[in-house]
Amino acid sequence: MVAGGALTQILITASGSYTMAPSFSFAASAGLAGAAAAVVLGTNAAVGEYFWTEVSTGVLGLYNVTVGPAATDTGVRAATSALLSNVDSLAMIEGLSVPTAKLVEAVGAVSPSVYRSYSFVSGETIEHVVVAKAGERSALQLIHSAAGASYTANFNLEEGLVSSSSGANLVSTAMAALGGGWYECKAVVLVAANVTNNVQARMSAAGALPYAADGVSGMYIRSIVLRKQGLMANLFPSSDPANAAFTKQSVTVTTTTSPYEPVLIPLPPIVDDLDVIVRGRITASKVVESAVSGSPSTWQAKSVAVGDLIVWKVIAKRAERKRLNLFSNSAAVIDCTFDLELGTVSQGGAAVTAASVLALGNGWFQCTVEATATASASSNWQHRIFKETGTHPYVGDGVSGLYIQRSEFRINGGTNAFFSSEDLSTSSWSKSAGLTVTPNAALYLGLLADPSNIGGDPYDDESEALVGVKWAALGSSITIGAYYATLLAGQTGMVLTNLGVSGSALGLSTTAYPSYGMSNRIIDIPADTELVTLEPGPNAFGAQEVPLGAFGDTTYATHYGSLWAACVAIRAQAPNAKIVMIGTYSGGPGHATHRVGRVNGQGNTMDQFFKAEREVAHALGIPFIDISQSGMGYLTSTLYMADELHPNAAGSLRHATYDAECLRQMARRGLFGA
């Protein structure tokens, strides 16, 4: 403000979060040297209102605007990291991506760690808090080893359990579920002496460090916070593990986004348990023997002390093999064999005090061994497959095995010591030569699939109706490749004639790809075929760019017409066959052509091709398997696709399992009747 040609006042009126007036100098301004005036704050927030502003690194302060105007500190504080955590949780519920760091281990014998030095002050109570989620690795350790503030806290990110804790200054540990597999892991320490040392967050495969790392596995960490108890301010300059404030040892940290959104807080345990009992969950691993002479087994090494009370529980079901042997030959000698058909156990091993079998329904048994350790040592706690008779070794066939839904190992009534208890395919489990484990290979419980377990009449899911059915499969590389087709044949017992053609579509190609590759195989369908599946595939849109056409077209010149013409030709070739169309799914965002969100050279989008499949199938009365409802698609390419399009092992199994259940449902509705 100027009066009488002189500067009299500087008034700041722009909106902002000012708590005190800044200083001004005109020394560097030509013609204004020596000018000076009082600086006052205008109203950037109304009198009586409040605003937040940063008062120190990572800490917000709440201010009240009083008459003057003046910003008055209320003394209320909040950590920016705490606010962001709440915002992140809400964002994930809404299905939005959340900034996350992925830790990937270096290869070799390593102890991957993200850490920062901190000077502890005697008498303070400090909380070390990390928000994390299991990736390929699920064991998280929070540790500070220097005397005066020593603590070690081990967390199992798959089980949601504190595995163990120790340290002269440790007060407590806690683990809170945030939803979607994310956990807030916390160690509280009462500092007994001034000490400066590294505060570390470390990961491993099964809680043992160092360990043999593969160079590609890791876990997700959203934030690392060190704070005084009762306060929210982060004592570290940043909570982001990727930030340069943290030192990385034997680990690479990259910024990504939160996987598997949207996320909801888990159902209460009793509700979730009831859901599993009634409907079931496809969570069981299939353990399959090798095709050579050996002792097929999978195990984790755990240490016990003499006199420790051991309770080992395994939930299992027969497949081609029906005998499960739980075994240990050191620390506590255990050799118990369970018959998963009869529900009996042959107890053996000097350390065993009791062994029992509990029928859970639908062919599942809980196999329990109780033992007392006779030595202080580490042992391999083995799950071994036995043939109908005899023990180990034996010559396997490479395809036979049994199902294991869960294995837990408790010492002196403590928490489960096993990692990846419900997925024996992970690297937490060691495996004998040639043994294979497929995760999520069988339905666990689901007693309504067999009401005799709950007092009702036996229920027929029509699985038998598919056994021996002569099945011809038309399709693209997704059909002819080693993906869903062979698995589906194995799951249902159908006899497969695979007529798929890589890179093919039904109709007229407008690119360098040949036309009619898929429809040309219709004449090869055996006349006695009982089921024909048609997987039109993504090439019509992405590779061959077949003209879309419109509903009512009946020739191979368009996609609509190709679908119609192919179904008519299939009926003529195999008059008694049932025809089922298997819908196309989108490739992932990384695929150049075969995905939603792209306009092809004909000016069409992939969803238009999806619509054509559904419309033609509906019009012709052809049952339709909507494979996108299996969970495979654009947003799940990293989970189920090997190259942003073709299924990986998990995708192939998901595809086949979904197809099998759809066919059983069709059978229950009479599709395979007269």
# chains A, B, ... in the order shown; residues from 1 in each chain; ligands from 1
>>> select_by_dssp(residues="stretch 170-233 of chain A", states="strand (DSSP E or B)", output="ChimeraX atom specification")
/A:170-179,182-190,195-204,211-214,218-228
>>> residues_around(residues="A:Ser113", least_positions_apart="2", cutoff="10 Å", atoms="only C-alpha atoms", output="JSON, numbers by chain")
{"A": [103, 105, 110, 111, 115, 116, 140, 141, 142, 199, 200, 201, 202, 203, 204, 246, 247, 248, 249, 250, 251, 252]}
>>> residues_around(residues="A:Glu464", least_positions_apart="4", cutoff="12 Å", atoms="only C-alpha atoms", output="ChimeraX atom specification")
/A:460,468-469,491-494,660,663-664,667-668,672
>>> write_last_selection(atoms="all heavy atoms", output="mmCIF file, in the first residue's frame")
data_model
loop_
_atom_site.group_PDB
_atom_site.id
_atom_site.type_symbol
_atom_site.label_atom_id
_atom_site.label_comp_id
_atom_site.auth_asym_id
_atom_site.auth_seq_id
_atom_site.Cartn_x
_atom_site.Cartn_y
_atom_site.Cartn_z
ATOM 1 N N ASP A 460 -26.071 -85.083 -6.714
ATOM 2 C CA ASP A 460 -25.326 -85.432 -7.918
ATOM 3 C C ASP A 460 -25.015 -84.152 -8.679
ATOM 4 O O ASP A 460 -25.927 -83.475 -9.168
ATOM 5 C CB ASP A 460 -26.164 -86.377 -8.776
ATOM 6 C CG ASP A 460 -25.421 -86.822 -10.039
ATOM 7 O OD1 ASP A 460 -24.212 -86.491 -10.157
ATOM 8 O OD2 ASP A 460 -26.048 -87.479 -10.887
ATOM 9 N N GLY A 468 -16.189 -89.691 -20.376
ATOM 10 C CA GLY A 468 -16.240 -90.433 -21.615
ATOM 11 C C GLY A 468 -16.881 -89.704 -22.783
ATOM 12 O O GLY A 468 -16.934 -90.242 -23.894
ATOM 13 N N VAL A 469 -17.377 -88.484 -22.549
ATOM 14 C CA VAL A 469 -18.008 -87.721 -23.637
ATOM 15 C C VAL A 469 -16.960 -87.423 -24.712
ATOM 16 O O VAL A 469 -15.854 -86.960 -24.415
ATOM 17 C CB VAL A 469 -18.625 -86.414 -23.099
ATOM 18 C CG1 VAL A 469 -18.989 -85.467 -24.248
ATOM 19 C CG2 VAL A 469 -19.859 -86.728 -22.269
ATOM 20 N N GLN A 491 -9.972 -82.978 -15.917
ATOM 21 C CA GLN A 491 -10.911 -82.725 -14.822
ATOM 22 C C GLN A 491 -12.266 -83.391 -15.038
ATOM 23 O O GLN A 491 -12.956 -83.715 -14.071
ATOM 24 C CB GLN A 491 -11.111 -81.218 -14.645
ATOM 25 C CG GLN A 491 -9.913 -80.490 -14.088
ATOM 26 C CD GLN A 491 -10.191 -79.014 -13.856
ATOM 27 O OE1 GLN A 491 -11.317 -78.549 -13.997
ATOM 28 N NE2 GLN A 491 -9.167 -78.266 -13.497
ATOM 29 N N THR A 492 -12.658 -83.568 -16.291
ATOM 30 C CA THR A 492 -14.005 -84.079 -16.574
ATOM 31 C C THR A 492 -14.034 -85.518 -17.050
ATOM 32 O O THR A 492 -15.089 -86.164 -16.998
ATOM 33 C CB THR A 492 -14.670 -83.214 -17.665
ATOM 34 O OG1 THR A 492 -13.858 -83.264 -18.853
ATOM 35 C CG2 THR A 492 -14.813 -81.769 -17.200
ATOM 36 N N GLY A 493 -12.911 -86.011 -17.554
ATOM 37 C CA GLY A 493 -12.896 -87.352 -18.130
ATOM 38 C C GLY A 493 -13.391 -87.398 -19.557
ATOM 39 O O GLY A 493 -13.600 -88.493 -20.116
ATOM 40 N N MET A 494 -13.595 -86.240 -20.184
ATOM 41 C CA MET A 494 -14.014 -86.225 -21.590
ATOM 42 C C MET A 494 -12.841 -86.647 -22.477
ATOM 43 O O MET A 494 -11.680 -86.486 -22.119
ATOM 44 C CB MET A 494 -14.500 -84.827 -21.979
ATOM 45 C CG MET A 494 -15.745 -84.374 -21.235
ATOM 46 S SD MET A 494 -16.497 -82.857 -21.898
ATOM 47 C CE MET A 494 -15.186 -81.665 -21.639
ATOM 48 N N ALA A 660 -15.222 -76.473 -16.568
ATOM 49 C CA ALA A 660 -15.736 -77.752 -16.068
ATOM 50 C C ALA A 660 -17.012 -77.550 -15.261
ATOM 51 O O ALA A 660 -17.997 -78.284 -15.424
ATOM 52 C CB ALA A 660 -14.672 -78.450 -15.221
ATOM 53 N N LEU A 663 -19.929 -76.682 -17.544
ATOM 54 C CA LEU A 663 -20.438 -77.868 -18.244
ATOM 55 C C LEU A 663 -21.249 -78.754 -17.295
ATOM 56 O O LEU A 663 -22.282 -79.318 -17.692
ATOM 57 C CB LEU A 663 -19.284 -78.656 -18.858
ATOM 58 C CG LEU A 663 -18.584 -77.987 -20.055
ATOM 59 C CD1 LEU A 663 -17.347 -78.776 -20.464
ATOM 60 C CD2 LEU A 663 -19.544 -77.852 -21.240
ATOM 61 N N ARG A 664 -20.804 -78.875 -16.042
ATOM 62 C CA ARG A 664 -21.576 -79.659 -15.074
ATOM 63 C C ARG A 664 -22.936 -79.006 -14.834
ATOM 64 O O ARG A 664 -23.957 -79.696 -14.708
ATOM 65 C CB ARG A 664 -20.808 -79.796 -13.764
ATOM 66 C CG ARG A 664 -19.542 -80.633 -13.855
ATOM 67 C CD ARG A 664 -18.930 -80.853 -12.480
ATOM 68 N NE ARG A 664 -17.596 -81.417 -12.587
ATOM 69 C CZ ARG A 664 -16.474 -80.733 -12.376
ATOM 70 N NH1 ARG A 664 -16.538 -79.460 -12.032
ATOM 71 N NH2 ARG A 664 -15.302 -81.316 -12.493
ATOM 72 N N ALA A 667 -25.071 -79.809 -17.632
ATOM 73 C CA ALA A 667 -25.522 -81.201 -17.517
ATOM 74 C C ALA A 667 -26.661 -81.320 -16.513
ATOM 75 O O ALA A 667 -27.630 -82.064 -16.732
ATOM 76 C CB ALA A 667 -24.355 -82.099 -17.117
ATOM 77 N N ARG A 668 -26.564 -80.581 -15.396
ATOM 78 C CA ARG A 668 -27.626 -80.619 -14.390
ATOM 79 C C ARG A 668 -28.943 -80.095 -14.961
ATOM 80 O O ARG A 668 -30.027 -80.465 -14.497
ATOM 81 C CB ARG A 668 -27.220 -79.820 -13.158
ATOM 82 C CG ARG A 668 -26.089 -80.446 -12.359
ATOM 83 C CD ARG A 668 -25.948 -79.828 -10.989
ATOM 84 N NE ARG A 668 -25.481 -78.452 -11.005
ATOM 85 C CZ ARG A 668 -24.203 -78.080 -11.004
ATOM 86 N NH1 ARG A 668 -23.251 -79.015 -11.021
ATOM 87 N NH2 ARG A 668 -23.866 -76.812 -10.988
ATOM 88 N N PHE A 672 -27.079 -82.655 -21.738
ATOM 89 C CA PHE A 672 -26.552 -83.891 -22.315
ATOM 90 C C PHE A 672 -27.572 -85.028 -22.290
ATOM 91 O O PHE A 672 -27.226 -86.184 -22.479
ATOM 92 C CB PHE A 672 -25.273 -84.293 -21.594
ATOM 93 C CG PHE A 672 -24.159 -83.296 -21.782
ATOM 94 C CD1 PHE A 672 -23.899 -82.330 -20.824
ATOM 95 C CD2 PHE A 672 -23.406 -83.299 -22.943
ATOM 96 C CE1 PHE A 672 -22.899 -81.399 -21.008
ATOM 97 C CE2 PHE A 672 -22.399 -82.369 -23.134
ATOM 98 C CZ PHE A 672 -22.144 -81.408 -22.168
#
>>> select_by_dssp(residues="stretch 498-586 of chain A", states="helix (DSSP H, G or I)", output="list in words")
Ser519, Asn520, Arg521, Ile522, Ile523, Asp524, Asn539, Ala540, Phe541, Gly542, His559, Tyr560, Gly561, Ser562, Leu563, Trp564, Ala565, Ala566, Cys567, Val568, Ala569, Ile570, Arg571, Ala572 and Gln573 of chain A
>>> write_last_selection(atoms="N, CA, C and O atoms", output="compact mmCIF listing (two decimals), in the first residue's frame")
# COMPACT_ATOMS: atom_id res chain seq x y z
N SER A 519 -12.42 -72.10 -39.16
CA SER A 519 -13.59 -72.73 -39.77
C SER A 519 -13.20 -73.88 -40.70
O SER A 519 -14.00 -74.81 -40.91
N ASN A 520 -12.00 -73.83 -41.23
CA ASN A 520 -11.54 -74.93 -42.10
C ASN A 520 -11.43 -76.26 -41.37
O ASN A 520 -11.37 -77.32 -42.00
N ARG A 521 -11.35 -76.23 -40.04
CA ARG A 521 -11.22 -77.48 -39.27
C ARG A 521 -12.56 -78.13 -38.95
O ARG A 521 -12.59 -79.22 -38.36
N ILE A 522 -13.66 -77.46 -39.28
CA ILE A 522 -14.97 -78.02 -38.94
C ILE A 522 -15.18 -79.37 -39.61
O ILE A 522 -15.76 -80.30 -39.04
N ILE A 523 -14.67 -79.52 -40.83
CA ILE A 523 -14.85 -80.79 -41.55
C ILE A 523 -14.09 -81.94 -40.89
O ILE A 523 -14.32 -83.12 -41.22
N ASP A 524 -13.17 -81.61 -39.98
CA ASP A 524 -12.39 -82.65 -39.30
C ASP A 524 -13.06 -83.13 -38.02
O ASP A 524 -12.51 -84.00 -37.32
N ASN A 539 -8.32 -63.34 -32.11
CA ASN A 539 -7.64 -62.99 -33.36
C ASN A 539 -8.55 -62.30 -34.37
O ASN A 539 -8.10 -61.49 -35.18
N ALA A 540 -9.85 -62.61 -34.33
CA ALA A 540 -10.77 -61.98 -35.26
C ALA A 540 -10.73 -60.46 -35.11
O ALA A 540 -10.78 -59.71 -36.10
N PHE A 541 -10.59 -59.98 -33.88
CA PHE A 541 -10.48 -58.55 -33.63
C PHE A 541 -9.05 -58.05 -33.78
O PHE A 541 -8.79 -57.05 -34.45
N GLY A 542 -8.09 -58.76 -33.15
CA GLY A 542 -6.76 -58.20 -32.98
C GLY A 542 -5.77 -58.49 -34.07
O GLY A 542 -4.98 -57.62 -34.44
N HIS A 559 -17.58 -60.96 -38.92
CA HIS A 559 -17.48 -61.70 -37.67
C HIS A 559 -18.85 -62.23 -37.25
O HIS A 559 -18.99 -63.40 -36.86
N TYR A 560 -19.89 -61.37 -37.32
CA TYR A 560 -21.24 -61.84 -37.00
C TYR A 560 -21.61 -63.04 -37.89
O TYR A 560 -22.11 -64.07 -37.41
N GLY A 561 -21.35 -62.88 -39.20
CA GLY A 561 -21.70 -63.95 -40.12
C GLY A 561 -20.90 -65.22 -39.89
O GLY A 561 -21.42 -66.34 -40.02
N SER A 562 -19.62 -65.07 -39.53
CA SER A 562 -18.75 -66.23 -39.28
C SER A 562 -19.27 -67.06 -38.12
O SER A 562 -19.26 -68.31 -38.18
N LEU A 563 -19.69 -66.41 -37.06
CA LEU A 563 -20.21 -67.14 -35.90
C LEU A 563 -21.44 -67.93 -36.29
O LEU A 563 -21.60 -69.10 -35.92
N TRP A 564 -22.33 -67.28 -37.06
CA TRP A 564 -23.55 -67.95 -37.50
C TRP A 564 -23.22 -69.14 -38.42
O TRP A 564 -23.69 -70.26 -38.21
N ALA A 565 -22.39 -68.88 -39.43
CA ALA A 565 -22.07 -69.91 -40.41
C ALA A 565 -21.35 -71.09 -39.78
O ALA A 565 -21.60 -72.26 -40.14
N ALA A 566 -20.45 -70.82 -38.83
CA ALA A 566 -19.71 -71.90 -38.18
C ALA A 566 -20.63 -72.81 -37.39
O ALA A 566 -20.51 -74.04 -37.43
N CYS A 567 -21.57 -72.22 -36.65
CA CYS A 567 -22.49 -73.04 -35.85
C CYS A 567 -23.38 -73.90 -36.75
O CYS A 567 -23.65 -75.08 -36.44
N VAL A 568 -23.81 -73.34 -37.88
CA VAL A 568 -24.61 -74.11 -38.83
C VAL A 568 -23.79 -75.27 -39.40
O VAL A 568 -24.27 -76.41 -39.52
N ALA A 569 -22.52 -75.00 -39.74
CA ALA A 569 -21.66 -76.03 -40.30
C ALA A 569 -21.34 -77.12 -39.28
O ALA A 569 -21.25 -78.31 -39.64
N ILE A 570 -21.14 -76.74 -38.02
CA ILE A 570 -20.87 -77.73 -36.98
C ILE A 570 -22.07 -78.66 -36.82
O ILE A 570 -21.92 -79.89 -36.70
N ARG A 571 -23.29 -78.09 -36.83
CA ARG A 571 -24.48 -78.92 -36.70
C ARG A 571 -24.57 -79.92 -37.86
O ARG A 571 -24.93 -81.09 -37.66
N ALA A 572 -24.22 -79.48 -39.07
CA ALA A 572 -24.27 -80.38 -40.22
C ALA A 572 -23.21 -81.47 -40.14
O ALA A 572 -23.45 -82.62 -40.52
N GLN A 573 -22.03 -81.14 -39.61
CA GLN A 573 -20.93 -82.10 -39.54
C GLN A 573 -21.15 -83.13 -38.43
O GLN A 573 -20.80 -84.30 -38.60
>>> residues_around(residues="A:Gly108", least_positions_apart="6", cutoff="7 Å", atoms="only C-alpha atoms", output="list in words")
Ala212, Ala213 and Asp214 of chain A
>>> write_last_selection(atoms="N, CA and C atoms", output="compact mmCIF listing (two decimals), in the first residue's frame")
# COMPACT_ATOMS: atom_id res chain seq x y z
N ALA A 212 18.45 -68.78 0.76
CA ALA A 212 18.80 -68.87 -0.66
C ALA A 212 17.74 -68.16 -1.47
N ALA A 213 18.09 -67.00 -1.99
CA ALA A 213 17.14 -66.15 -2.72
C ALA A 213 17.29 -66.37 -4.23
N ASP A 214 16.16 -66.17 -4.96
CA ASP A 214 16.17 -66.46 -6.40
C ASP A 214 16.33 -65.23 -7.28
>>> residues_around(residues="A:Ala512", least_positions_apart="6", cutoff="12 Å", atoms="only C-alpha atoms", output="PyMOL selection string")
chain A and resi 503-504+543-546
>>> residues_around(residues="A:Asp423", least_positions_apart="5", cutoff="12 Å", atoms="only C-alpha atoms", output="list in words")
Glu136, Ser138, Glu158, Glu159, Ile282, Thr283, Ala284, Ser285, Lys286, Val287, Thr298, Tyr403, Ile404, Gln405, Arg406, Ser407, Glu408, Phe418, Ser428, Trp429, Val437, Thr438, Pro439, Asn440, Ala441 and Ala442 of chain A
>>> residues_around(residues="A:Lys322", least_positions_apart="2", cutoff="7 Å", atoms="only C-alpha atoms", output="list in words")
Arg318, Ala319, Glu320, Leu324, Asp339, Leu340, Glu341 and Leu402 of chain A
